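*Asks:* Got a structure for you, query_26.txt, holding compact mmCIF, C-alpha atoms.
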```
# COMPACT_ATOMS: atom_id res chain seq x y z
CA MET D 178 162.70 -71.47 29.27
CA LYS D 179 160.21 -68.59 29.09
CA MET D 180 160.99 -68.14 25.42
CA LEU D 181 160.32 -71.83 24.80
CA ILE D 182 156.94 -71.56 26.55
CA VAL D 183 156.02 -68.50 24.50
CA VAL D 184 156.98 -70.29 21.28
CA CYS D 185 154.91 -73.32 22.26
CA ILE D 186 151.89 -71.14 23.07
CA CYS D 187 152.18 -69.32 19.75
CA PHE D 188 152.42 -72.64 17.93
CA LEU D 189 149.31 -73.96 19.67
CA VAL D 190 147.35 -70.80 18.92
CA ALA D 191 148.37 -70.91 15.27
CA SER D 192 147.48 -74.59 15.02
CA SER D 193 144.06 -73.96 16.56
CA ALA D 194 143.40 -71.12 14.12
CA LEU D 195 144.34 -73.29 11.16
CA SER D 196 142.20 -76.19 12.34
CA ALA D 197 139.25 -73.82 12.78
CA GLN D 198 139.31 -72.82 9.12
CA THR D 199 136.84 -74.53 6.80
CA PRO D 200 138.66 -77.01 4.53
CA ASP D 201 139.06 -76.03 0.91
CA THR D 202 136.58 -78.59 -0.35
CA VAL D 203 133.14 -78.62 -1.94
CA PHE D 204 132.44 -82.23 -0.99
CA MET D 205 129.83 -82.38 1.74
CA GLU D 206 131.13 -85.72 3.02
CA GLU D 207 134.50 -84.06 3.82
CA LEU D 208 132.87 -81.46 6.08
CA THR D 209 131.49 -81.63 9.60
CA TRP D 210 127.82 -80.87 10.16
CA THR D 211 128.70 -77.48 11.61
CA GLU D 212 130.80 -76.65 8.55
CA VAL D 213 127.89 -77.58 6.28
CA ARG D 214 125.55 -75.43 8.38
CA ASP D 215 127.92 -72.46 8.19
CA ALA D 216 128.46 -72.94 4.45
CA ILE D 217 124.70 -72.81 3.83
CA LYS D 218 124.40 -69.70 5.99
CA ALA D 219 127.24 -68.14 3.98
CA GLY D 220 125.32 -68.65 0.74
CA LYS D 221 126.18 -72.14 -0.47
CA THR D 222 122.51 -73.02 -0.99
CA THR D 223 122.96 -75.19 -4.10
CA ILE D 224 123.64 -78.90 -3.68
CA ILE D 225 124.81 -81.05 -6.58
CA PHE D 226 123.68 -84.68 -6.22
CA PRO D 227 125.73 -86.82 -8.65
CA THR D 228 124.55 -90.28 -9.67
CA GLY D 229 127.03 -92.65 -11.23
CA GLY D 230 126.73 -96.40 -11.46
CA THR D 231 128.64 -99.60 -10.86
CA GLU D 232 128.62 -101.40 -14.20
CA GLN D 233 130.73 -103.07 -16.82
CA ASN D 234 132.32 -100.68 -19.26
CA GLY D 235 134.21 -103.18 -21.35
CA PRO D 236 137.25 -105.30 -20.47
CA HIS D 237 139.53 -102.26 -20.56
CA MET D 238 137.66 -100.08 -18.05
CA VAL D 239 137.04 -100.19 -14.29
CA LEU D 240 133.49 -100.69 -12.98
CA GLY D 241 133.43 -97.32 -11.21
CA LYS D 242 134.15 -95.19 -14.29
CA HIS D 243 130.94 -93.18 -14.07
CA ASN D 244 131.43 -92.53 -10.35
CA PHE D 245 134.92 -91.11 -10.85
CA ILE D 246 133.88 -88.94 -13.80
CA VAL D 247 130.72 -87.54 -12.23
CA LYS D 248 132.47 -86.74 -8.94
CA HIS D 249 135.23 -84.82 -10.73
CA THR D 250 132.72 -83.03 -12.96
CA ALA D 251 130.50 -82.09 -10.01
CA GLU D 252 133.51 -80.64 -8.17
CA GLN D 253 134.46 -78.46 -11.13
CA ILE D 254 130.89 -77.19 -11.50
CA ALA D 255 130.57 -76.45 -7.77
CA ARG D 256 133.82 -74.50 -7.70
CA ARG D 257 132.83 -72.48 -10.77
CA LEU D 258 129.41 -71.72 -9.32
CA GLY D 259 130.89 -70.65 -5.99
CA ASN D 260 127.62 -71.23 -4.13
CA ALA D 261 127.41 -75.01 -4.25
CA LEU D 262 128.39 -78.16 -2.38
CA VAL D 263 128.56 -81.69 -3.76
CA ALA D 264 126.70 -84.59 -2.15
CA PRO D 265 128.22 -88.09 -2.06
CA VAL D 266 127.95 -89.91 -5.39
CA LEU D 267 125.09 -92.40 -5.59
CA ALA D 268 126.90 -95.45 -7.00
CA TYR D 269 123.96 -97.89 -7.14
CA VAL D 270 121.48 -97.21 -9.95
CA PRO D 271 119.19 -99.18 -12.30
CA GLU D 272 121.38 -101.36 -14.52
CA GLY D 273 119.01 -104.14 -15.57
CA ASN D 274 116.93 -106.98 -14.15
CA ILE D 275 118.19 -109.64 -11.76
CA ASP D 276 116.20 -112.71 -12.88
CA PRO D 277 116.82 -113.23 -15.67
CA PRO D 278 119.80 -110.89 -15.88
CA THR D 279 119.40 -108.17 -18.49
CA GLY D 280 121.49 -105.22 -19.65
CA HIS D 281 124.69 -104.71 -17.70
CA MET D 282 123.60 -107.33 -15.16
CA GLN D 283 124.82 -109.95 -17.59
CA TYR D 284 128.38 -108.99 -16.64
CA PRO D 285 130.09 -109.72 -13.29
CA GLY D 286 130.61 -106.76 -10.99
CA THR D 287 127.53 -104.80 -12.01
CA ILE D 288 125.16 -103.73 -9.21
CA THR D 289 121.56 -102.77 -9.93
CA LEU D 290 118.51 -101.25 -8.27
CA PRO D 291 114.90 -101.40 -9.47
CA ASP D 292 113.64 -98.08 -10.83
CA GLU D 293 111.25 -97.52 -7.94
CA PHE D 294 113.98 -97.96 -5.31
CA PHE D 295 116.33 -95.62 -7.12
CA ILE D 296 113.55 -93.04 -7.33
CA LYS D 297 112.92 -93.32 -3.58
CA VAL D 298 116.60 -92.96 -2.73
CA ALA D 299 116.87 -89.87 -4.93
CA GLU D 300 113.62 -88.44 -3.57
CA TYR D 301 114.57 -88.83 0.08
CA ALA D 302 118.07 -87.50 -0.53
CA ALA D 303 116.40 -84.44 -2.04
CA ARG D 304 114.01 -84.18 0.90
CA SER D 305 117.03 -84.34 3.21
CA PHE D 306 118.77 -81.56 1.30
CA ARG D 307 115.64 -79.42 1.60
CA VAL D 308 115.53 -79.98 5.36
CA ASN D 309 119.25 -79.11 5.54
CA GLY D 310 118.46 -75.71 4.05
CA PHE D 311 119.52 -76.09 0.41
CA LYS D 312 117.38 -74.16 -2.08
CA ASP D 313 118.62 -75.47 -5.43
CA ILE D 314 119.08 -79.22 -5.87
CA VAL D 315 120.87 -80.38 -9.02
CA LEU D 316 120.55 -84.09 -9.80
CA MET D 317 123.27 -85.18 -12.22
CA VAL D 318 122.16 -88.22 -14.20
CA ILE D 319 124.69 -89.65 -16.64
CA VAL D 320 123.91 -93.35 -17.07
CA ASP D 321 121.37 -94.20 -19.78
CA PRO D 322 119.21 -96.71 -17.84
CA ILE D 323 118.44 -94.20 -15.07
CA ARG D 324 117.40 -91.24 -17.21
CA LYS D 325 113.89 -92.60 -17.62
CA ALA D 326 113.78 -93.74 -13.99
CA CYS D 327 114.40 -90.25 -12.64
CA SER D 328 111.99 -88.46 -14.96
CA PRO D 329 110.69 -85.42 -13.06
CA SER D 330 107.12 -86.51 -13.82
CA ARG D 331 107.75 -89.69 -11.83
CA ALA D 332 110.11 -88.53 -9.10
CA CYS D 333 108.72 -85.04 -8.48
CA SER D 334 104.96 -85.15 -8.58
CA THR D 335 104.11 -82.53 -5.97
CA ARG D 336 104.87 -78.83 -6.18
CA ASN D 337 106.97 -76.80 -3.79
CA GLY D 338 107.40 -73.14 -4.56
CA ARG D 339 110.63 -72.64 -2.60
CA VAL D 340 112.90 -75.51 -3.60
CA ARG D 341 113.49 -76.73 -7.13
CA LEU D 342 115.16 -79.80 -8.58
CA CYS D 343 117.20 -79.69 -11.80
CA VAL D 344 117.85 -82.90 -13.70
CA CYS D 345 120.94 -82.70 -15.93
CA THR D 346 121.19 -85.68 -18.26
CA SER D 347 124.18 -85.18 -20.54
CA TYR D 348 127.93 -85.16 -19.97
CA PRO D 349 128.51 -82.26 -22.42
CA THR D 350 125.53 -80.30 -21.08
CA ILE D 351 126.59 -80.87 -17.49
CA THR D 352 130.22 -79.98 -18.12
CA MET D 353 129.82 -76.97 -20.38
CA ARG D 354 126.51 -75.45 -19.37
CA THR D 355 125.57 -76.23 -15.79
CA ALA D 356 128.00 -73.68 -14.38
CA SER D 357 125.58 -71.04 -15.67
CA VAL D 358 122.76 -72.38 -13.49
CA HIS D 359 120.80 -69.53 -11.92
CA GLY D 360 117.67 -70.11 -9.91
CA CYS D 361 118.07 -73.80 -10.73
CA LYS D 362 117.37 -73.34 -14.42
CA ALA D 363 120.18 -74.85 -16.47
CA ARG D 364 120.87 -72.90 -19.65
CA GLY D 365 121.59 -75.11 -22.63
CA ARG D 366 120.37 -78.17 -24.44
CA ASN D 367 121.39 -81.76 -24.71
CA PRO D 368 123.59 -81.75 -27.82
CA ARG D 369 122.52 -85.28 -28.72
CA THR D 370 118.75 -84.83 -28.44
CA SER D 371 118.31 -81.03 -28.55
CA ALA D 372 116.19 -81.48 -25.44
CA PRO D 373 116.62 -78.83 -22.74
CA THR D 374 117.91 -79.87 -19.35
CA GLN D 375 114.90 -80.36 -17.09
CA ALA D 376 113.87 -78.49 -13.97
CA SER D 377 111.09 -79.68 -11.69
CA PRO D 378 109.73 -78.91 -8.22
CA ILE D 379 110.77 -81.09 -5.33
CA PRO D 380 107.93 -83.13 -3.76
CA ARG D 381 106.40 -82.34 -0.41
CA ASN D 382 105.56 -84.94 2.19
```
Rewrite the structure from the file as structure tokens, please.
*Replies:*
Amino acid sequence: MKMLIVVCICFLVASSALSAQTPDTVFMEELTWTEVRDAIKAGKTTIIFPTGGTEQNGPHMVLGKHNFIVKHTAEQIARRLGNALVAPVLAYVPEGNIDPPTGHMQYPGTITLPDEFFIKVAEYAARSFRVNGFKDIVLMVIVDPIRKACSPSRACSTRNGRVRLCVCTSYPTITMRTASVHGCKARGRNPRTSAPTQASPIPRN
């Protein structure tokens, strides 16, 4: 009987120790607030904010294609960096006008936001990350209609010397180059436009 009690106690202690360990994940939504706090204190001060989209991609492809791809890509980048977490994917982005429907909005299943609302969502997510304690904020933009909407000149008009926002706008650039981000300056150029990935200050209140 005593042996059984000892075994049970050892099992409970071991279970408690395992449950106390931080999960092997870089996704912020899979962590508790205390785990996020401790991760930031431990040096994970970069947050990757992926934006996808819910849009038609042809009759052969699911509507959430961009969301799945950008989430997987962000995870790989965060793990390679070693000092980053990944925010939940923003699945609602500018896709065209409502009345009359334009762009992807001409196809059932597409969900759109006006540019100004998307900008505000991205801005206040970034403000939240700053309050959380993140120092480098990487906005991953992969859908054509939202690249203009999230131009740093529009979304980041006020300077802040401590926190910077990077805007990565190309699948190849994001995948192959962003893992070399240091001080929130992505090294590399967009292979389709030869334009460098953009870095801008985050706005103050």
*Asks:* Quick one: everything within 8 Å of segment 258-265 of chain D, counting all atoms listed in the file, minus sequence neighbours fewer than 2 positions away in the same chain. Send it as a JSON list (two decimals) with C-alpha atoms, in the frame of the given file.
*Replies:*
```
[["chain", "number", "residue", "atom", "x", "y", "z"],
["D", 203, "VAL", "CA", 133.14, -78.62, -1.94],
["D", 204, "PHE", "CA", 132.44, -82.23, -0.99],
["D", 205, "MET", "CA", 129.83, -82.38, 1.74],
["D", 206, "GLU", "CA", 131.13, -85.72, 3.02],
["D", 220, "GLY", "CA", 125.32, -68.65, 0.74],
["D", 221, "LYS", "CA", 126.18, -72.14, -0.47],
["D", 222, "THR", "CA", 122.51, -73.02, -0.99],
["D", 223, "THR", "CA", 122.96, -75.19, -4.10],
["D", 224, "ILE", "CA", 123.64, -78.90, -3.68],
["D", 225, "ILE", "CA", 124.81, -81.05, -6.58],
["D", 226, "PHE", "CA", 123.68, -84.68, -6.22],
["D", 227, "PRO", "CA", 125.73, -86.82, -8.65],
["D", 251, "ALA", "CA", 130.50, -82.09, -10.01],
["D", 252, "GLU", "CA", 133.51, -80.64, -8.17],
["D", 254, "ILE", "CA", 130.89, -77.19, -11.50],
["D", 255, "ALA", "CA", 130.57, -76.45, -7.77],
["D", 256, "ARG", "CA", 133.82, -74.50, -7.70],
["D", 267, "LEU", "CA", 125.09, -92.40, -5.59],
["D", 356, "ALA", "CA", 128.00, -73.68, -14.38],
["D", 357, "SER", "CA", 125.58, -71.04, -15.67],
["D", 358, "VAL", "CA", 122.76, -72.38, -13.49]]
```
*Asks:* What is the atom CA of Ser305 of chain D to atom CA of Val318 of chain D distance in Å?
*Replies:*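 Calculated distance between atom CA of Ser305 of chain D and atom CA of Val318 of chain D is 18.6 Å.
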*Asks:* May I ask which of the residues D:Val239, D:Ala216, D:Ile288, D:Leu316 is the closest one to Glu300 of chain D, counting all atoms listed in the file?
*Replies:* D:Leu316
*Asks:* Mind pulling up the distance from atom CA of Val213 of chain D to atom CA of Thr199 of chain D?
*Replies:*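 Interatomic distance here is 9.5 Å.
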*Asks:* Atom CA of Ala303 of chain D and atom CA of Glu232 of chain D, how far apart in Å?
*Replies:* 24.2 Å
*Asks:* Between D:Val266, D:Pro285, D:Thr228, D:Leu208, which one has atoms that come closest to Leu240 of chain D, using only C-alpha atoms?
*Replies:*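 That would be D:Pro285, the residue with the smallest distance to Leu240 of chain D.
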*Asks:* Kindly add N, CA and C atoms to the incomplete segment 270-305 of chain D and provide the output as a short mmCIF file (atom, residue, chain, number, x, y, z; two decimals), in the coordinates of the input.
*Replies:*
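As written to disk, rebuild-v7.cif reads:
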```cif
data_model
loop_
_atom_site.label_atom_id
_atom_site.label_comp_id
_atom_site.auth_asym_id
_atom_site.auth_seq_id
_atom_site.Cartn_x
_atom_site.Cartn_y
_atom_site.Cartn_z
N VAL D 270 122.55 -97.75 -9.11
CA VAL D 270 121.48 -97.21 -9.95
C VAL D 270 120.89 -98.36 -10.77
N PRO D 271 119.76 -98.13 -11.44
CA PRO D 271 119.19 -99.18 -12.30
C PRO D 271 120.15 -99.58 -13.42
N GLU D 272 120.45 -100.86 -13.50
CA GLU D 272 121.38 -101.36 -14.52
C GLU D 272 120.82 -102.56 -15.27
N GLY D 273 119.60 -102.97 -14.93
CA GLY D 273 119.01 -104.14 -15.57
C GLY D 273 118.32 -105.02 -14.56
N ASN D 274 117.66 -106.05 -15.03
CA ASN D 274 116.93 -106.98 -14.15
C ASN D 274 117.87 -108.03 -13.57
N ILE D 275 117.42 -108.59 -12.44
CA ILE D 275 118.19 -109.64 -11.76
C ILE D 275 117.89 -111.02 -12.32
N ASP D 276 116.60 -111.35 -12.49
CA ASP D 276 116.20 -112.71 -12.88
C ASP D 276 115.11 -112.66 -13.95
N PRO D 277 115.46 -112.92 -15.19
CA PRO D 277 116.82 -113.23 -15.67
C PRO D 277 117.64 -111.96 -15.81
N PRO D 278 118.96 -112.08 -15.75
CA PRO D 278 119.80 -110.89 -15.88
C PRO D 278 119.64 -110.23 -17.25
N THR D 279 119.48 -108.91 -17.24
CA THR D 279 119.40 -108.17 -18.49
C THR D 279 120.36 -107.00 -18.44
N GLY D 280 120.62 -106.39 -19.59
CA GLY D 280 121.49 -105.22 -19.65
C GLY D 280 122.86 -105.50 -19.08
N HIS D 281 123.35 -104.56 -18.29
CA HIS D 281 124.69 -104.71 -17.70
C HIS D 281 124.76 -105.82 -16.67
N MET D 282 123.61 -106.27 -16.17
CA MET D 282 123.60 -107.33 -15.16
C MET D 282 124.07 -108.67 -15.72
N GLN D 283 124.29 -108.73 -16.99
CA GLN D 283 124.82 -109.95 -17.59
C GLN D 283 126.34 -110.04 -17.43
N TYR D 284 126.93 -109.03 -16.80
CA TYR D 284 128.38 -108.99 -16.64
C TYR D 284 128.74 -108.92 -15.15
N PRO D 285 129.70 -109.72 -14.70
CA PRO D 285 130.09 -109.72 -13.29
C PRO D 285 130.57 -108.36 -12.82
N GLY D 286 130.19 -108.02 -11.60
CA GLY D 286 130.61 -106.76 -10.99
C GLY D 286 129.57 -105.67 -11.03
N THR D 287 128.58 -105.81 -11.91
CA THR D 287 127.53 -104.80 -12.01
C THR D 287 126.57 -104.92 -10.84
N ILE D 288 126.12 -103.78 -10.32
CA ILE D 288 125.16 -103.73 -9.21
C ILE D 288 123.96 -102.91 -9.67
N THR D 289 122.76 -103.43 -9.44
CA THR D 289 121.56 -102.77 -9.93
C THR D 289 120.57 -102.47 -8.82
N LEU D 290 119.67 -101.55 -9.11
CA LEU D 290 118.51 -101.25 -8.27
C LEU D 290 117.29 -101.19 -9.18
N PRO D 291 116.13 -101.62 -8.70
CA PRO D 291 114.90 -101.40 -9.47
C PRO D 291 114.61 -99.90 -9.57
N ASP D 292 113.94 -99.49 -10.63
CA ASP D 292 113.64 -98.08 -10.83
C ASP D 292 113.01 -97.44 -9.61
N GLU D 293 112.00 -98.13 -9.03
CA GLU D 293 111.25 -97.52 -7.94
C GLU D 293 112.11 -97.29 -6.70
N PHE D 294 113.11 -98.15 -6.46
CA PHE D 294 113.98 -97.96 -5.31
C PHE D 294 114.96 -96.82 -5.56
N PHE D 295 115.46 -96.74 -6.78
CA PHE D 295 116.33 -95.62 -7.12
C PHE D 295 115.59 -94.30 -6.96
N ILE D 296 114.36 -94.26 -7.44
CA ILE D 296 113.55 -93.04 -7.33
C ILE D 296 113.39 -92.64 -5.87
N LYS D 297 113.11 -93.62 -5.00
CA LYS D 297 112.92 -93.32 -3.58
C LYS D 297 114.20 -92.81 -2.94
N VAL D 298 115.33 -93.43 -3.28
CA VAL D 298 116.60 -92.96 -2.73
C VAL D 298 116.85 -91.52 -3.15
N ALA D 299 116.65 -91.23 -4.44
CA ALA D 299 116.87 -89.87 -4.93
C ALA D 299 115.89 -88.89 -4.29
N GLU D 300 114.64 -89.32 -4.16
CA GLU D 300 113.62 -88.44 -3.57
C GLU D 300 113.95 -88.09 -2.13
N TYR D 301 114.32 -89.10 -1.33
CA TYR D 301 114.57 -88.83 0.08
C TYR D 301 115.91 -88.14 0.31
N ALA D 302 116.85 -88.32 -0.60
CA ALA D 302 118.07 -87.50 -0.53
C ALA D 302 117.69 -86.05 -0.75
N ALA D 303 116.83 -85.80 -1.76
CA ALA D 303 116.40 -84.44 -2.04
C ALA D 303 115.60 -83.85 -0.88
N ARG D 304 114.75 -84.64 -0.28
CA ARG D 304 114.01 -84.18 0.90
C ARG D 304 114.98 -83.81 2.02
N SER D 305 116.02 -84.62 2.18
CA SER D 305 117.03 -84.34 3.21
C SER D 305 117.74 -83.03 2.92
#
```
